[in-house]
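This report concerns only the one structure given below.
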Amino acid sequence: AKQKGVRKQIQAYNSGSNLKLAAGASYTFLNFVADGIQKCVDGGGDPDSVICSTSFLTGLATWGFAKQQINTPRLNELGLPISEIAVPFASGIITFIPSYQLKAGSAIVLTSKDAKMRFIREEFWQARGLRGDAKEGDFIADTCVELGHPGWHSFVEGITSFA
């Protein structure tokens with residue numbers, strides 16, 4: 001639900017060919033390659049990252065190829081550590097990043113060099129009050145995801161089971 005902007009960008013480009021709604025059948029790794037990775041490559045991208053719902057952890061275990069958990073988490077653009085699973089594929093590695101924000105059975109396949117976080121409104125401190133020697137408040141900002149070439153990315157959703 002939090003990624004409707006990215007989904008709409010991908011859907012609007014190329015008459016929605018990079019958006020795949022799974023039909024409820026068991027989803028295989030070959031389906032994922034055809035629906036996600038191949039669509040990005042056909043559009044001119046070089047996919048290397050997959051932001052996926054936590055249900056994809058079941059998919060990775062079911063598909064059973066050699067996986068490697070990255071033990072030293074990288075930091076995202078906001079400076080927060082992210083968990084990732086690196087999967088060898090073709091001539092490189094595809095990094096799966098589980099996200100609690102995505103609807104179950106959804107994944108965004110990205111060409112990371114083309115996806116950027118942008119500030120709509122710069123971050124600022126909104127004070128709420130003082131409590132003795134402690135200041136209370138919130139950091140507030142409006143951000144968005146920018147895809148320079150929407151055809152370099154794909155979105156898969158509606159997966160109910162993995163095979």
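Chain labels follow the order of the structure tokens: the first chain is A, the next B, and so on; residue numbering restarts at 1 in every chain, and ligands are counted from 1 in their shown order.
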What's the 9 Å shell around Ile37 of chain A, counting only C-alpha atoms, without same-chain residues fewer than 4 positions away, as a list in words?
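Contacts, with the query itself left out: Phe32, Val33, Val41, Asp42, Asp46, Pro47, Asp48, Val109, Leu110, His153 and Ser154 of chain A.
For segment 59-63 of chain A, the list of residues within 7 Å, based on only C-alpha atoms and with local chain neighbours fewer than 6 positions off taken out, reads Phe29, Phe162 and Ala163 of chain A.
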Close residues, Gln9 of chain A itself excluded, 12 Å, only C-alpha atoms, min 2 positions apart in chain, as a ChimeraX atom specification
/A:3-7,11-19,108,115,144-155
As an exercise, work out the distance from atom CA of Phe56 of chain A to atom CA of Ser112 of chain A in Å and give it to one decimal place.
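Pair atom CA of Phe56 of chain A / atom CA of Ser112 of chain A returns 19.3 Å.
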How would you write, as a PyMOL selection string, the set of residues in segment 14-81 of chain A that DSSP gives as strand (DSSP E or B)?
chain A and resi 19-21+27+49-53+68-69+74-75+81
Write down as a VMD selection string the residues of segment 34-160 of chain A whose backbone DSSP state falls under helix (DSSP H, G or I).
chain A and resid 34 to 42 56 to 63 112 to 114 150 to 152
Give the answer as one residue: which of A:Ile51, A:Ile94, A:Ile82, A:Ile140 has the shortest atom-to-atom distance to Ala107 of chain A, using only C-alpha atoms?
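Among the listed residues, A:Ile51 lies closest to Ala107 of chain A.
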8 Å contact set for segment 99-106 of chain A, only C-alpha atoms, chain neighbours under 4 positions out, as JSON, numbers by chain
{"A": [1, 2, 3, 51, 52, 53, 54, 55, 56, 155, 156, 157, 158, 159, 160]}
Please save N, CA and C atoms of the selected residues as a PDB file, in the first residue's frame.
ATOM      1  N   ALA A   1       0.820  -1.192   0.000  1.00  0.00           N
ATOM      2  CA  ALA A   1       0.000   0.000   0.000  1.00  0.00           C
ATOM      3  C   ALA A   1       0.861   1.252   0.000  1.00  0.00           C
ATOM      4  N   LYS A   2       2.021   1.198   0.644  1.00  0.00           N
ATOM      5  CA  LYS A   2       2.882   2.369   0.713  1.00  0.00           C
ATOM      6  C   LYS A   2       3.597   2.629  -0.614  1.00  0.00           C
ATOM      7  N   GLN A   3       3.608   1.677  -1.543  1.00  0.00           N
ATOM      8  CA  GLN A   3       4.367   1.832  -2.777  1.00  0.00           C
ATOM      9  C   GLN A   3       3.475   2.047  -3.998  1.00  0.00           C
ATOM     10  N   ILE A  51      12.715  -5.476  -3.924  1.00  0.00           N
ATOM     11  CA  ILE A  51      12.060  -5.160  -2.658  1.00  0.00           C
ATOM     12  C   ILE A  51      10.806  -6.010  -2.651  1.00  0.00           C
ATOM     13  N   CYS A  52      10.701  -6.907  -1.679  1.00  0.00           N
ATOM     14  CA  CYS A  52       9.627  -7.898  -1.711  1.00  0.00           C
ATOM     15  C   CYS A  52       8.898  -7.960  -0.377  1.00  0.00           C
ATOM     16  N   SER A  53       7.667  -8.451  -0.427  1.00  0.00           N
ATOM     17  CA  SER A  53       6.925  -8.687   0.805  1.00  0.00           C
ATOM     18  C   SER A  53       7.614  -9.804   1.575  1.00  0.00           C
ATOM     19  N   THR A  54       7.322  -9.892   2.849  1.00  0.00           N
ATOM     20  CA  THR A  54       7.961 -10.927   3.666  1.00  0.00           C
ATOM     21  C   THR A  54       7.551 -12.334   3.223  1.00  0.00           C
ATOM     22  N   SER A  55       6.453 -12.469   2.488  1.00  0.00           N
ATOM     23  CA  SER A  55       6.044 -13.789   1.998  1.00  0.00           C
ATOM     24  C   SER A  55       7.059 -14.359   1.001  1.00  0.00           C
ATOM     25  N   PHE A  56       7.891 -13.515   0.418  1.00  0.00           N
ATOM     26  CA  PHE A  56       8.914 -13.995  -0.514  1.00  0.00           C
ATOM     27  C   PHE A  56       9.998 -14.795   0.193  1.00  0.00           C
ATOM     28  N   PHE A 155       6.971  -4.743 -11.483  1.00  0.00           N
ATOM     29  CA  PHE A 155       6.200  -4.934 -10.250  1.00  0.00           C
ATOM     30  C   PHE A 155       5.383  -6.204 -10.417  1.00  0.00           C
ATOM     31  N   VAL A 156       5.478  -7.094  -9.460  1.00  0.00           N
ATOM     32  CA  VAL A 156       4.740  -8.351  -9.469  1.00  0.00           C
ATOM     33  C   VAL A 156       3.871  -8.372  -8.222  1.00  0.00           C
ATOM     34  N   GLU A 157       2.599  -8.765  -8.363  1.00  0.00           N
ATOM     35  CA  GLU A 157       1.730  -8.819  -7.194  1.00  0.00           C
ATOM     36  C   GLU A 157       0.693  -9.919  -7.337  1.00  0.00           C
ATOM     37  N   GLY A 158       0.071 -10.272  -6.231  1.00  0.00           N
ATOM     38  CA  GLY A 158      -0.988 -11.282  -6.227  1.00  0.00           C
ATOM     39  C   GLY A 158      -0.510 -12.707  -6.110  1.00  0.00           C
ATOM     40  N   ILE A 159       0.723 -12.927  -5.700  1.00  0.00           N
ATOM     41  CA  ILE A 159       1.254 -14.288  -5.579  1.00  0.00           C
ATOM     42  C   ILE A 159       0.702 -14.891  -4.283  1.00  0.00           C
ATOM     43  N   THR A 160       0.097 -16.043  -4.388  1.00  0.00           N
ATOM     44  CA  THR A 160      -0.508 -16.674  -3.214  1.00  0.00           C
ATOM     45  C   THR A 160       0.271 -17.886  -2.711  1.00  0.00           C
TER      46      THR A 160
END
